file start28.txt (compact mmCIF, C-alpha atoms and all ligand atoms)
# COMPACT_ATOMS: atom_id res chain seq x y z
CA MET A 1 -0.91 30.41 39.88
CA ASN A 2 -0.99 26.76 38.82
CA TRP A 3 0.93 25.01 36.04
CA PHE A 4 -1.84 25.50 33.48
CA GLU A 5 -2.21 29.21 34.26
CA ARG A 6 1.54 29.70 34.00
CA LYS A 7 1.50 28.07 30.56
CA ILE A 8 -1.33 30.35 29.45
CA LEU A 9 0.47 33.39 30.83
CA GLY A 10 3.57 32.47 28.84
CA PHE A 11 1.44 32.23 25.72
CA PHE A 12 -0.17 35.62 26.40
CA VAL A 13 3.24 37.28 26.82
CA LYS A 14 4.66 35.55 23.73
CA THR A 15 1.76 36.73 21.60
CA ASN A 16 2.17 40.32 22.86
CA GLY A 17 -1.17 40.45 24.62
CA VAL A 18 -3.24 39.99 21.45
CA PHE A 19 -5.12 37.05 22.98
CA SER A 20 -5.11 38.16 26.63
CA LYS A 21 -6.73 41.39 25.46
CA LEU A 22 -9.71 39.47 24.11
CA PHE A 23 -10.47 37.79 27.42
CA PHE A 24 -8.82 39.66 30.29
CA SER A 25 -8.64 43.38 29.49
CA GLY A 26 -12.30 43.81 30.46
CA LYS A 27 -14.17 47.01 29.78
CA GLY A 28 -11.70 49.27 31.50
CA ILE A 29 -9.48 50.10 34.45
CA ILE A 30 -9.88 52.06 37.67
CA PHE A 31 -6.57 53.68 38.54
CA MET A 32 -5.44 54.52 42.06
CA LEU A 33 -3.36 57.61 42.72
CA HIS A 34 -2.54 59.62 45.82
CA ARG A 35 -0.57 62.84 45.50
CA VAL A 36 0.30 65.05 42.52
CA LEU A 37 3.65 66.84 42.99
CA PRO A 38 6.10 68.62 40.70
CA GLU A 39 9.14 66.48 39.93
CA GLU A 40 11.50 68.64 42.04
CA GLU A 41 9.29 68.05 45.08
CA ARG A 42 8.89 64.33 44.37
CA GLU A 43 12.65 64.04 44.15
CA GLN A 44 13.01 65.19 47.75
CA PHE A 45 11.44 61.96 48.93
CA THR A 46 12.80 58.46 48.86
CA LEU A 47 10.38 56.31 50.86
CA ASN A 48 7.32 58.33 49.84
CA LYS A 49 8.39 59.22 46.32
CA ASP A 50 5.96 56.87 44.62
CA LEU A 51 3.05 58.24 46.61
CA ALA A 52 3.06 61.14 44.15
CA ILE A 53 2.78 61.40 40.38
CA SER A 54 4.23 64.43 38.61
CA PRO A 55 1.77 66.64 36.70
CA GLU A 56 3.72 65.97 33.47
CA LYS A 57 3.43 62.23 33.89
CA LEU A 58 -0.28 62.47 34.67
CA GLU A 59 -0.79 64.47 31.50
CA GLU A 60 1.31 62.01 29.51
CA PHE A 61 -0.93 59.13 30.66
CA ILE A 62 -4.09 61.08 29.80
CA PHE A 63 -2.72 61.62 26.27
CA LEU A 64 -1.82 57.96 25.97
CA PHE A 65 -5.30 56.77 26.99
CA LYS A 66 -6.94 59.24 24.60
CA THR A 67 -4.67 58.19 21.75
CA LYS A 68 -5.51 54.56 22.37
CA GLY A 69 -9.23 55.37 22.15
CA TYR A 70 -10.19 55.14 25.80
CA THR A 71 -12.93 57.29 27.26
CA PHE A 72 -12.76 58.72 30.80
CA VAL A 73 -15.66 58.00 33.12
CA SER A 74 -16.67 59.05 36.62
CA LEU A 75 -17.44 56.47 39.30
CA ASP A 76 -21.12 57.38 38.94
CA ASP A 77 -20.94 56.41 35.24
CA LEU A 78 -19.07 53.24 36.08
CA GLN A 79 -21.68 52.33 38.71
CA ALA A 80 -24.52 53.01 36.24
CA TRP A 81 -22.78 50.88 33.63
CA LEU A 82 -22.25 47.98 36.06
CA GLU A 83 -25.92 48.24 37.09
CA LYS A 84 -26.83 48.15 33.37
CA LYS A 85 -28.48 51.56 33.56
CA LYS A 86 -26.08 53.21 31.17
CA LYS A 87 -24.10 52.19 28.10
CA ILE A 88 -20.42 53.03 27.67
CA LYS A 89 -19.35 52.56 24.06
CA GLN A 90 -15.57 52.67 24.29
CA LYS A 91 -13.24 51.07 26.76
CA PHE A 92 -12.89 53.30 29.80
CA ILE A 93 -10.44 54.71 32.32
CA CYS A 94 -11.58 55.89 35.75
CA LEU A 95 -9.19 57.94 37.91
CA THR A 96 -9.31 57.94 41.70
CA PHE A 97 -7.14 59.83 44.19
CA ASP A 98 -6.94 58.59 47.79
CA ASP A 99 -6.71 60.33 51.17
CA GLY A 100 -7.37 64.02 50.38
CA TYR A 101 -4.04 65.72 49.74
CA ARG A 102 -4.13 69.45 48.94
CA ASP A 103 -1.83 69.00 45.94
CA ASN A 104 -4.72 67.23 44.18
CA LEU A 105 -6.36 70.64 43.99
CA ILE A 106 -3.21 72.63 43.23
CA TYR A 107 -1.48 70.39 40.67
CA GLY A 108 -4.02 67.72 39.77
CA LEU A 109 -7.20 69.66 39.05
CA PRO A 110 -5.70 72.01 36.41
CA ILE A 111 -4.68 68.98 34.34
CA LEU A 112 -8.02 67.25 34.78
CA GLU A 113 -9.72 70.49 33.70
CA LYS A 114 -7.44 70.96 30.71
CA HIS A 115 -8.44 67.54 29.35
CA ALA A 116 -11.98 67.35 30.80
CA VAL A 117 -11.14 64.19 32.76
CA PRO A 118 -13.40 63.28 35.70
CA ALA A 119 -11.95 61.93 38.94
CA THR A 120 -12.97 60.78 42.39
CA LEU A 121 -11.23 62.02 45.53
CA TYR A 122 -11.60 59.59 48.43
CA VAL A 123 -11.27 61.77 51.52
CA THR A 124 -10.12 60.40 54.89
CA ASN A 125 -11.99 62.62 57.34
CA CYS A 126 -9.08 62.91 59.77
CA PHE A 127 -7.22 64.85 57.05
CA PRO A 128 -9.53 67.91 56.91
CA ASN A 129 -10.27 67.45 60.62
CA GLY A 130 -6.56 67.98 61.30
CA THR A 131 -6.30 64.78 63.34
CA GLY A 132 -4.57 62.60 60.76
CA ILE A 133 -1.10 61.44 61.80
CA LEU A 134 0.92 61.31 58.58
CA TRP A 135 3.53 59.10 60.18
CA TRP A 136 4.92 58.00 56.77
CA TYR A 137 6.32 61.50 56.29
CA LEU A 138 7.53 61.67 59.89
CA PHE A 139 9.28 58.36 59.35
CA GLU A 140 11.00 59.56 56.21
CA GLU A 141 12.46 62.47 58.19
CA HIS A 142 13.27 60.19 61.13
CA ALA A 143 15.08 57.63 58.93
CA LYS A 144 17.44 60.32 57.64
CA LYS A 145 18.61 61.16 61.15
CA THR A 146 18.75 57.85 62.96
CA HIS A 147 18.87 54.12 62.32
CA GLN A 148 16.29 52.77 64.71
CA PHE A 149 12.63 53.07 65.52
CA ILE A 150 10.87 51.77 68.65
CA LEU A 151 7.16 51.19 68.78
CA LYS A 152 5.60 50.44 72.20
CA SER A 153 1.88 49.74 72.42
CA SER A 154 -0.54 47.46 74.31
CA ILE A 155 -0.04 44.79 71.64
CA GLY A 156 3.71 44.68 72.14
CA SER A 157 7.03 46.44 71.86
CA TYR A 158 8.89 46.36 68.56
CA GLU A 159 12.31 47.60 67.51
CA PHE A 160 13.32 48.27 63.94
CA HIS A 161 16.88 48.82 62.74
CA TRP A 162 18.42 49.70 59.42
CA LYS A 163 21.88 50.57 58.11
CA ASN A 164 21.10 52.20 54.79
CA GLU A 165 18.28 53.52 52.66
CA GLU A 166 17.51 50.15 51.14
CA GLU A 167 17.07 48.56 54.57
CA ALA A 168 15.04 51.56 55.73
CA HIS A 169 12.70 50.87 52.83
CA VAL A 170 12.17 47.29 53.98
CA GLN A 171 11.58 48.40 57.58
CA PHE A 172 9.16 51.06 56.36
CA GLY A 173 6.84 48.29 55.12
CA ARG A 174 7.17 46.36 58.40
CA ILE A 175 6.56 49.46 60.50
CA SER A 176 3.48 50.19 58.43
CA GLU A 177 2.08 46.74 59.23
CA SER A 178 2.86 47.18 62.94
CA ILE A 179 1.21 50.59 63.10
CA LYS A 180 -1.90 49.26 61.35
CA ALA A 181 -2.31 46.68 64.11
CA ILE A 182 -2.27 49.21 66.97
CA PRO A 183 -5.77 49.86 68.40
CA THR A 184 -7.03 53.22 67.10
CA PRO A 185 -7.47 54.97 70.49
CA GLU A 186 -3.78 54.34 71.31
CA ILE A 187 -2.16 55.35 68.04
CA GLU A 188 -1.57 59.00 68.82
CA SER A 189 0.13 58.45 72.18
CA VAL A 190 2.20 55.56 70.77
CA LEU A 191 3.44 57.70 67.87
CA VAL A 192 4.05 60.76 70.07
CA GLU A 193 6.48 58.59 72.03
CA ALA A 194 7.97 56.81 69.01
CA PHE A 195 8.78 59.99 67.07
CA GLY A 196 9.42 62.27 70.06
CA LYS A 197 7.01 64.80 68.57
CA THR A 198 4.01 66.57 70.08
CA SER A 199 0.36 66.26 69.07
CA SER A 200 0.43 69.82 67.82
CA GLU A 201 3.36 69.00 65.53
CA PHE A 202 1.29 66.13 64.13
CA LYS A 203 -1.59 68.53 63.56
CA GLN A 204 0.63 71.05 61.85
CA LEU A 205 1.94 68.47 59.38
CA CYS A 206 -1.58 67.22 58.70
CA ASN A 207 -2.92 70.71 58.04
CA SER A 208 -0.04 71.57 55.75
CA LEU A 209 -0.65 68.58 53.46
CA SER A 210 -4.41 68.01 53.63
CA LEU A 211 -7.32 69.59 51.87
CA SER A 212 -9.42 71.75 54.22
CA TRP A 213 -13.18 71.32 54.49
CA GLU A 214 -13.59 74.56 52.56
CA GLU A 215 -11.47 73.20 49.70
CA ILE A 216 -13.37 69.90 49.75
CA ILE A 217 -16.67 71.79 49.50
CA THR A 218 -15.32 73.77 46.52
CA LEU A 219 -14.08 70.58 44.84
CA SER A 220 -17.42 68.83 45.45
CA LYS A 221 -19.15 71.51 43.39
CA HIS A 222 -16.76 71.00 40.47
CA PRO A 223 -18.45 69.15 37.58
CA LEU A 224 -15.45 66.82 37.12
CA ILE A 225 -15.00 65.89 40.77
CA THR A 226 -16.77 63.26 42.87
CA ILE A 227 -16.07 63.07 46.59
CA GLY A 228 -15.86 59.56 48.03
CA ALA A 229 -15.28 58.25 51.56
CA HIS A 230 -12.19 56.50 52.96
CA THR A 231 -13.12 56.12 56.70
CA MET A 232 -12.54 58.57 59.56
CA GLN A 233 -9.11 57.39 60.73
CA HIS A 234 -7.71 55.48 57.74
CA VAL A 235 -8.07 52.11 59.43
CA SER A 236 -7.26 48.69 58.03
CA VAL A 237 -10.82 47.43 58.47
CA LYS A 238 -10.21 43.68 58.35
CA GLN A 239 -8.52 43.80 61.75
CA GLN A 240 -11.38 45.75 63.32
CA SER A 241 -14.68 44.59 64.84
CA ILE A 242 -17.99 44.93 62.98
CA ASP A 243 -18.98 47.82 65.27
CA VAL A 244 -15.77 49.76 64.65
CA VAL A 245 -15.94 49.26 60.86
CA GLN A 246 -19.60 50.20 60.72
CA ASN A 247 -18.92 53.30 62.76
CA GLU A 248 -15.88 54.29 60.64
CA MET A 249 -17.91 53.96 57.44
CA ILE A 250 -21.17 55.57 58.61
CA THR A 251 -19.54 58.48 60.43
CA SER A 252 -17.22 59.35 57.55
CA LYS A 253 -20.09 59.15 55.03
CA LYS A 254 -22.38 61.30 57.19
CA GLU A 255 -19.74 63.91 57.97
CA LEU A 256 -18.75 64.25 54.29
CA GLU A 257 -22.42 64.53 53.30
CA HIS A 258 -22.96 67.17 55.98
CA TYR A 259 -20.16 69.31 54.57
CA ILE A 260 -20.74 68.87 50.84
CA GLY A 261 -24.53 68.65 50.93
CA LYS A 262 -24.62 65.65 48.56
CA GLU A 263 -24.91 61.89 48.92
CA VAL A 264 -21.51 60.16 49.18
CA LYS A 265 -21.91 56.97 47.16
CA HIS A 266 -18.40 55.67 46.71
CA PHE A 267 -15.92 54.20 49.16
CA ALA A 268 -12.30 53.03 49.08
CA TYR A 269 -10.96 50.67 51.76
CA PRO A 270 -7.87 52.24 53.41
CA PHE A 271 -4.71 50.31 52.45
CA GLY A 272 -7.10 48.03 50.54
CA GLY A 273 -4.90 44.92 50.34
CA THR A 274 -5.92 41.31 50.98
CA PHE A 275 -4.87 41.65 54.64
CA ASP A 276 -6.83 44.90 55.01
CA VAL A 277 -10.24 43.95 53.66
CA GLY A 278 -12.30 40.92 54.66
CA GLU A 279 -15.64 39.48 53.57
CA LYS A 280 -17.44 41.15 56.48
CA ASP A 281 -16.16 44.55 55.35
CA LEU A 282 -17.62 44.16 51.85
CA GLU A 283 -20.99 43.42 53.45
CA ILE A 284 -20.78 46.41 55.80
CA ALA A 285 -19.88 48.76 52.93
CA GLN A 286 -23.00 47.66 51.11
CA LYS A 287 -25.19 47.77 54.22
CA VAL A 288 -24.24 51.34 55.17
CA GLY A 289 -25.33 52.49 51.72
CA PHE A 290 -22.24 52.85 49.53
CA LYS A 291 -22.91 52.00 45.88
CA THR A 292 -19.35 51.04 44.94
CA SER A 293 -16.23 50.21 46.97
CA THR A 294 -12.73 49.91 45.60
CA LEU A 295 -9.71 47.90 46.73
CA ASN A 296 -5.99 48.28 46.35
CA GLN A 297 -5.79 44.94 44.52
CA VAL A 298 -4.95 44.80 40.87
CA GLY A 299 -7.37 43.84 38.14
CA ASN A 300 -9.33 45.10 35.17
CA ILE A 301 -13.05 45.86 35.33
CA PHE A 302 -15.47 43.44 33.67
CA GLU A 303 -19.22 43.39 33.14
CA SER A 304 -19.41 40.56 35.67
CA ASN A 305 -18.14 42.93 38.36
CA HIS A 306 -21.77 43.90 39.01
CA LYS A 307 -21.57 40.88 41.33
CA SER A 308 -18.71 42.49 43.23
CA MET A 309 -19.65 46.17 43.46
CA HIS A 310 -17.93 46.34 46.86
CA ALA A 311 -14.69 44.71 45.81
CA LEU A 312 -13.65 46.56 42.65
CA ALA A 313 -10.03 46.19 41.64
CA ARG A 314 -7.72 49.16 41.03
CA MET A 315 -4.33 49.48 39.38
CA PRO A 316 -1.69 51.81 40.84
CA LEU A 317 -0.56 54.60 38.52
CA GLY A 318 2.58 56.67 38.96
CA ASN A 319 5.89 57.81 37.50
CA SER A 320 7.25 54.31 37.95
CA THR A 321 4.53 52.81 35.72
CA ASP A 322 6.67 52.15 32.65
CA ASP A 323 5.53 51.35 29.08
CA GLN A 324 5.67 47.60 29.54
CA ARG A 325 3.68 47.73 32.78
CA MET A 326 1.11 49.97 31.10
CA ASN A 327 0.80 47.56 28.17
CA TYR A 328 0.30 44.68 30.58
CA TYR A 329 -2.40 46.70 32.38
CA LEU A 330 -4.24 47.54 29.16
CA ASN A 331 -3.99 44.13 27.47
CA GLY A 332 -5.03 42.16 30.55
CA ILE A 333 -1.71 40.36 31.05
CA TYR A 334 -1.25 42.01 34.43
CA HIS A 335 -4.76 41.02 35.44
CA PHE A 336 -4.15 37.41 34.42
CA SER A 337 -0.73 37.18 36.02
CA THR A 338 -2.25 38.21 39.37
CA ASN A 339 -5.77 36.80 39.29
CA GLY A 340 -5.58 33.93 36.82
CA PHE A 341 -9.00 33.23 35.34
CA LYS A 342 -10.77 35.01 38.20
CA LYS A 343 -12.56 38.21 37.26
CA ASN A 344 -14.22 38.90 40.61
CA ARG A 345 -12.72 38.89 44.07
ZN ZN B 401 -5.57 55.83 51.81

call {"tool": "encode", "arguments": {"input": "start28.txt", "output": "structure tokens"}}
result
Amino acid sequence: MNWFERKILGFFVKTNGVFSKLFFSGKGIIFMLHRVLPEEEREQFTLNKDLAISPEKLEEFIFLFKTKGYTFVSLDDLQAWLEKKKKIKQKFICLTFDDGYRDNLIYGLPILEKHAVPATLYVTNCFPNGTGILWWYLFEEHAKKTHQFILKSSIGSYEFHWKNEEEAHVQFGRISESIKAIPTPEIESVLVEAFGKTSSEFKQLCNSLSLSWEEIITLSKHPLITIGAHTMQHVSVKQQSIDVVQNEMITSKKELEHYIGKEVKHFAYPFGGTFDVGEKDLEIAQKVGFKTSTLNQVGNIFESNHKSMHALARMPLGNSTDDQRMNYYLNGIYHFSTNGFKKNR
């Protein structure tokens, strides 16, 4: 952010978002969520606590958006609006849930149904296939018992140490980056060694937290639910070759379509940050036939985003999203503070 943008930002904040709203709140917001868990279950986690929203909080946000006059749209509606095939009168909110956790069905769907709110579930195929390694939960357990973690792979050997929870949190981010860089075929054996767990223990954890294919099929038939793709193995695509990315996208799309018997039009880049998604990946997503692709990079949605259908911004939503943050989301201050004048990636 340059000097001029900082001055403007100061003005936007000082005037309580009245002016930023005119120019930077766009037509709406796509929100990114993962799990939905009752507060007592959320409380059991430290490192992964913010991966889940409580059902009460989700409902509270839905009320808030309705009170403020927002309408809820599906990704199909959003796509049609961006392609100028459909009009949306009010400002909109679009909810998306990543990865394919079973709690979306147990705790999320009843709330969506109660308020007739549509949502997209981006499924990572390794979740229902039982091959996903949910190392972030294994690490949470690991960090409670010991104070070091050793990762040995063909790209190098790394040691992580921490003394307390706060330091564990910092290392958690670093470990995540290191794991992302490990070549996909090696990941399982590297993590088997690092955690001292067996492949079948990995599978057990995956099956206990993930939606099954049967549940995904049921959800796909629900009028409020859209199933989207999120790759086979949850890979950070920027670091992968064109062939690998193409294969991850095509195979996940085809397998989902095979199970649900419908076209899968929407895609979310795993991790979705600036270091996870490159220009080539946006092109591949379009080429393999997705109609929209979303990032994990903050921003509001504008009419001009029809030029960036494969790089749509999303805002994280969770229990830690406080009133001020929410105001900044809705009045465009958050968009401006991150993106400046830019409305497209
Ligand atoms: Zn994900």

call {"tool": "residues_around", "arguments": {"input": "start28.txt", "residues": "segment 108-113 of chain A", "least_positions_apart": "6", "cutoff": "8 Å", "atoms": "only C-alpha atoms", "output": "NGL selection string"}}
result
:A and (36 or 55 or 58-59 or 119 or 224)

call {"tool": "residues_around", "arguments": {"input": "start28.txt", "residues": "Ile133 of chain A", "least_positions_apart": "2", "cutoff": "10 Å", "atoms": "only C-alpha atoms", "output": "ChimeraX atom specification"}}
result
/A:126-127,130-131,135-138,187-188,191-192,199,201-206,233-234

call {"tool": "atom_distance", "arguments": {"input": "start28.txt", "atom1": "atom CA of Asn129 of chain A", "atom2": "atom CA of His310 of chain A"}}
result
26.3 Å

call {"tool": "residues_near_point", "arguments": {"input": "start28.txt", "point": "(-18.4, 60.9, 52.1)", "cutoff": "12 Å", "atoms": "all atoms listed in the file", "output": "PyMOL selection string"}}
result
chain A and resi 99-100+120-125+213+216-217+220+226-232+248-268+288-291

call {"tool": "closest_atom_pairs", "arguments": {"input": "start28.txt", "of": "chain A", "to": "ligand ZN 401 (chain B)", "cutoff": "6 Å", "atoms": "only C-alpha atoms and all ligand atoms", "output": "tab-separated table"}}
result
residue	atom	partner	partner_atom	distance
A:Asp98	CA	B:ZN401	ZN	5.1
A:Asp99	CA	B:ZN401	ZN	4.7
A:Pro270	CA	B:ZN401	ZN	4.6
A:Phe271	CA	B:ZN401	ZN	5.6

call {"tool": "atom_distance", "arguments": {"input": "start28.txt", "atom1": "atom CA of Asn305 of chain A", "atom2": "atom CA of Asn344 of chain A"}}
result
6.1 Å

call {"tool": "atom_distance", "arguments": {"input": "start28.txt", "atom1": "atom CA of Tyr101 of chain A", "atom2": "atom CA of Thr274 of chain A"}}
result
24.5 Å

call {"tool": "closest_residue", "arguments": {"input": "start28.txt", "among": "A:Thr294, A:Thr198, A:Asn164, A:Gln239", "to": "Thr46 of chain A", "atoms": "all atoms listed in the file"}}
result
A:Asn164
